[in-house]
Structure formats: structure tokens, C-alpha cells
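Here the structure is laid out as C-alpha cells; the discussion comes afterwards.
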Amino acid sequence: MISTELFHWDKVAKTFSAEISDLGGGDLFEKVSPDSNDKGILLYNPRTGNEVMFVLGGEDRNSEGELRCWLLLPKSQDVNKFPGLKDCKMILFND
């Protein structure tokens, strides 16, 4: 679980963003659910106490094939629970 306080929040673009090294290192991705192979990051808001799972949706690579960033989207069940997450995303930059 990672705190929202470690991310930049762009209210207009509805995007959480951070450099992966600022999040503590190690393997930050966890299984979305016990019966799934999907990976994601559980985001925790200490102000509200809410937890939301962001699921790995893709990655972006440069012309040399180096990983530039990961794109994660909120789990659909969490969007149903918190409608404000609609169109929200997370971008993790590989620094």
C-alpha cells in the first residue's frame, strides 16, 4: 500500500504521477486479487482512509526499447465505489 502523499496529483488531468524511485523501491506491484494474474498498486489516502487498487494497464518504451513509464487505471469495482475515479489514471516514471 502506497500513500497518495507520495504522488503529484493533477486535478485537471485526473492523474497521479510519481517517479518509481520515490516510492521506496522494490517490487511495488502486487496481485490485484488472489484469483488473478493482473498486477497493480494499492493506493491509500491518509486524509480519507480510502484505498483504491490501480491495475497495470500498459507501459511506454522509447525507440531503444527502454521502459519510460507504466500506466495504471483504477479497478472497475473501485470506480463503482468511488465514482470520482472515473477517467482517473496513474503514471509511474521509470527513472
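Just remember, in the C-alpha cells the first chain shown is A, the second B, etc., residues are 1-based per chain, and ligands are 1-based in the order shown.
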
Can you pull out every residue within 12 Å of Asn37 in chain A, counting only C-alpha atoms, but drop anything in the same chain fewer than 6 positions away, and send it as a VMD selection string?
-> chain A and resid 29 to 31 55 to 56

Could you please take those selected residues and save C-alpha atoms as an mmCIF file, in the first residue's frame?
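Final output, saved to result-v7.cif:
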```cif
data_model
loop_
_atom_site.group_PDB
_atom_site.id
_atom_site.type_symbol
_atom_site.label_atom_id
_atom_site.label_comp_id
_atom_site.auth_asym_id
_atom_site.auth_seq_id
_atom_site.Cartn_x
_atom_site.Cartn_y
_atom_site.Cartn_z
ATOM 1 C CA PHE A 29 3.278 -4.247 -7.841
ATOM 2 C CA GLU A 30 1.056 -6.806 -6.126
ATOM 3 C CA LYS A 31 -1.621 -9.223 -7.309
ATOM 4 C CA VAL A 55 -4.255 -2.034 -12.144
ATOM 5 C CA LEU A 56 -1.323 -2.150 -14.546
#
```

Chain A: which residues are helix (DSSP H, G or I) by DSSP, as a ChimeraX atom specification?
-> /A:4-6,20-23,76-81,83-85

Would you put the residues from that selection into a file with C-alpha atoms, as a compact mmCIF listing (two decimals), in the first residue's frame?
```
# COMPACT_ATOMS: atom_id res chain seq x y z
CA THR A 4 -1.25 9.39 -2.08
CA GLU A 5 1.12 11.85 -0.36
CA LEU A 6 4.00 10.39 -2.42
CA ILE A 20 9.23 4.91 -9.21
CA SER A 21 12.33 5.56 -7.09
CA ASP A 22 10.35 7.99 -4.90
CA LEU A 23 8.01 5.19 -3.85
CA SER A 76 -13.57 -1.11 -12.00
CA GLN A 77 -15.05 -2.16 -8.64
CA ASP A 78 -13.30 0.81 -7.01
CA VAL A 79 -14.64 3.19 -9.66
CA ASN A 80 -18.13 1.89 -8.87
CA LYS A 81 -17.48 2.51 -5.18
CA PRO A 83 -17.38 7.47 -8.94
CA GLY A 84 -14.93 10.39 -8.78
CA LEU A 85 -12.25 7.97 -10.00
```

Mind pulling up the distance from CA of Met90 in chain A to CA of Leu72 in chain A?
->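 Separation between CA of Leu72 in chain A and CA of Met90 in chain A: 5.0 Å.
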
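Within the 12 Å cut-off around Asp10 in chain A, using only C-alpha atoms and omitting residues fewer than 4 positions from it on the same chain, the listed residues are Lys14, Thr15, Phe16, Ser17, Ala18, Cys88, Lys89, Met90 and Ile91 of chain A.
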
Only C-alpha atoms, please: the residues just picked out, written as a PDB file, in the first residue's frame.
```pdb
ATOM      1  CA  LYS A  14      -7.142  13.404 -13.044  1.00  0.00           C
ATOM      2  CA  THR A  15      -3.675  11.848 -12.894  1.00  0.00           C
ATOM      3  CA  PHE A  16      -1.478  10.642 -10.063  1.00  0.00           C
ATOM      4  CA  SER A  17       2.185  10.647 -11.087  1.00  0.00           C
ATOM      5  CA  ALA A  18       5.493   9.799  -9.439  1.00  0.00           C
ATOM      6  CA  CYS A  88      -8.544   8.802 -13.362  1.00  0.00           C
ATOM      7  CA  LYS A  89      -5.102   7.274 -14.022  1.00  0.00           C
ATOM      8  CA  MET A  90      -1.672   6.772 -12.506  1.00  0.00           C
ATOM      9  CA  ILE A  91       1.631   7.186 -14.314  1.00  0.00           C
TER      10      ILE A  91
END
```

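Proximity ranking of A:Phe82, A:Phe54, A:Phe7, A:Phe93 relative to Asp38 in chain A places A:Phe54 first, based on only C-alpha atoms.
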
Between CA of Asp35 in chain A and CA of Arg68 in chain A, what is the spacing in Å?
-> 29.1 Å

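With CA of Ile2 in chain A on one side and CA of Gly57 in chain A on the other, the separation reads 18.0 Å.
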
Any chance you could list, as an MDAnalysis selection string, the residues in range 8-85 of chain A that come up strand (DSSP E) when DSSP is run on the backbone?
-> chainID A and resid 8:10 15:19 30:31 39:44 51:61 67:74

Now that the selection is made, can you save its residues with N, CA and C atoms as a short mmCIF file (atom, residue, chain, number, x, y, z; two decimals), in the first residue's frame?
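result_39.cif, written as the output of this step:
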```
data_model
loop_
_atom_site.label_atom_id
_atom_site.label_comp_id
_atom_site.auth_asym_id
_atom_site.auth_seq_id
_atom_site.Cartn_x
_atom_site.Cartn_y
_atom_site.Cartn_z
N HIS A 8 2.27 13.25 -7.17
CA HIS A 8 1.78 14.54 -7.63
C HIS A 8 0.37 14.27 -8.14
N TRP A 9 -0.61 15.12 -7.81
CA TRP A 9 -1.98 14.98 -8.28
C TRP A 9 -2.30 16.13 -9.21
N ASP A 10 -2.60 15.81 -10.47
CA ASP A 10 -3.02 16.80 -11.45
C ASP A 10 -4.55 16.72 -11.51
N THR A 15 -4.82 12.75 -12.80
CA THR A 15 -3.67 11.85 -12.89
C THR A 15 -2.79 11.94 -11.66
N PHE A 16 -2.51 10.77 -11.08
CA PHE A 16 -1.48 10.64 -10.06
C PHE A 16 -0.19 10.32 -10.80
N SER A 17 0.91 10.97 -10.44
CA SER A 17 2.19 10.65 -11.09
C SER A 17 3.31 10.69 -10.06
N ALA A 18 4.32 9.86 -10.32
CA ALA A 18 5.49 9.80 -9.44
C ALA A 18 6.61 9.09 -10.18
N GLU A 19 7.83 9.33 -9.72
CA GLU A 19 8.96 8.56 -10.19
C GLU A 19 9.03 7.31 -9.32
N GLU A 30 1.58 -5.64 -6.82
CA GLU A 30 1.06 -6.81 -6.13
C GLU A 30 -0.10 -7.38 -6.93
N LYS A 31 -0.48 -8.61 -6.62
CA LYS A 31 -1.62 -9.22 -7.31
C LYS A 31 -2.88 -8.44 -6.98
N LYS A 39 -1.51 -7.38 -12.09
CA LYS A 39 -0.73 -6.71 -11.04
C LYS A 39 -1.19 -5.27 -10.90
N GLY A 40 -1.00 -4.72 -9.73
CA GLY A 40 -1.38 -3.35 -9.50
C GLY A 40 -0.73 -2.78 -8.26
N ILE A 41 -1.17 -1.58 -7.91
CA ILE A 41 -0.67 -0.88 -6.72
C ILE A 41 -1.87 -0.42 -5.92
N LEU A 42 -1.85 -0.72 -4.64
CA LEU A 42 -2.91 -0.27 -3.75
C LEU A 42 -2.55 1.12 -3.25
N LEU A 43 -3.39 2.08 -3.59
CA LEU A 43 -3.16 3.48 -3.22
C LEU A 43 -4.03 3.82 -2.02
N TYR A 44 -3.42 4.45 -1.02
CA TYR A 44 -4.10 4.78 0.23
C TYR A 44 -4.10 6.29 0.43
N GLU A 51 -8.94 3.30 0.22
CA GLU A 51 -7.95 2.51 -0.50
C GLU A 51 -8.50 2.18 -1.88
N VAL A 52 -7.66 2.32 -2.90
CA VAL A 52 -8.07 2.04 -4.27
C VAL A 52 -6.96 1.25 -4.95
N MET A 53 -7.34 0.18 -5.64
CA MET A 53 -6.37 -0.61 -6.40
C MET A 53 -6.27 -0.05 -7.81
N PHE A 54 -5.05 0.31 -8.21
CA PHE A 54 -4.77 0.73 -9.57
C PHE A 54 -4.10 -0.44 -10.28
N VAL A 55 -4.68 -0.85 -11.41
CA VAL A 55 -4.26 -2.03 -12.14
C VAL A 55 -3.34 -1.64 -13.30
N LEU A 56 -2.26 -2.40 -13.46
CA LEU A 56 -1.32 -2.15 -14.55
C LEU A 56 -2.03 -2.31 -15.88
N GLY A 57 -2.06 -1.22 -16.65
CA GLY A 57 -2.78 -1.22 -17.93
C GLY A 57 -1.87 -1.18 -19.14
N GLY A 58 -0.61 -0.83 -18.92
CA GLY A 58 0.31 -0.76 -20.05
C GLY A 58 1.62 -0.12 -19.65
N GLU A 59 2.51 -0.08 -20.59
CA GLU A 59 3.80 0.57 -20.38
C GLU A 59 4.22 1.27 -21.65
N ASP A 60 5.11 2.24 -21.50
CA ASP A 60 5.60 3.01 -22.64
C ASP A 60 7.11 2.83 -22.72
N ARG A 61 7.59 2.54 -23.92
CA ARG A 61 9.04 2.34 -24.14
C ARG A 61 9.54 3.32 -25.21
N LEU A 67 12.20 1.07 -20.92
CA LEU A 67 10.93 1.39 -20.27
C LEU A 67 10.94 2.83 -19.76
N ARG A 68 9.96 3.62 -20.20
CA ARG A 68 9.85 5.01 -19.74
C ARG A 68 8.86 5.15 -18.59
N CYS A 69 7.70 4.47 -18.70
CA CYS A 69 6.70 4.59 -17.65
C CYS A 69 5.68 3.47 -17.72
N TRP A 70 4.95 3.32 -16.61
CA TRP A 70 3.83 2.39 -16.52
C TRP A 70 2.55 3.21 -16.41
N LEU A 71 1.48 2.71 -17.00
CA LEU A 71 0.16 3.32 -16.89
C LEU A 71 -0.72 2.37 -16.09
N LEU A 72 -1.38 2.91 -15.06
CA LEU A 72 -2.28 2.12 -14.23
C LEU A 72 -3.64 2.81 -14.17
N LEU A 73 -4.68 2.00 -14.12
CA LEU A 73 -6.05 2.50 -14.06
C LEU A 73 -6.75 1.92 -12.85
N PRO A 74 -7.68 2.67 -12.25
CA PRO A 74 -8.37 2.15 -11.07
C PRO A 74 -9.21 0.92 -11.42
#
```

With distances taken over only C-alpha atoms, which of A:Pro34, A:Thr48, A:Leu28, A:Asn62 is nearest to Leu92 in chain A?
-> A:Leu28
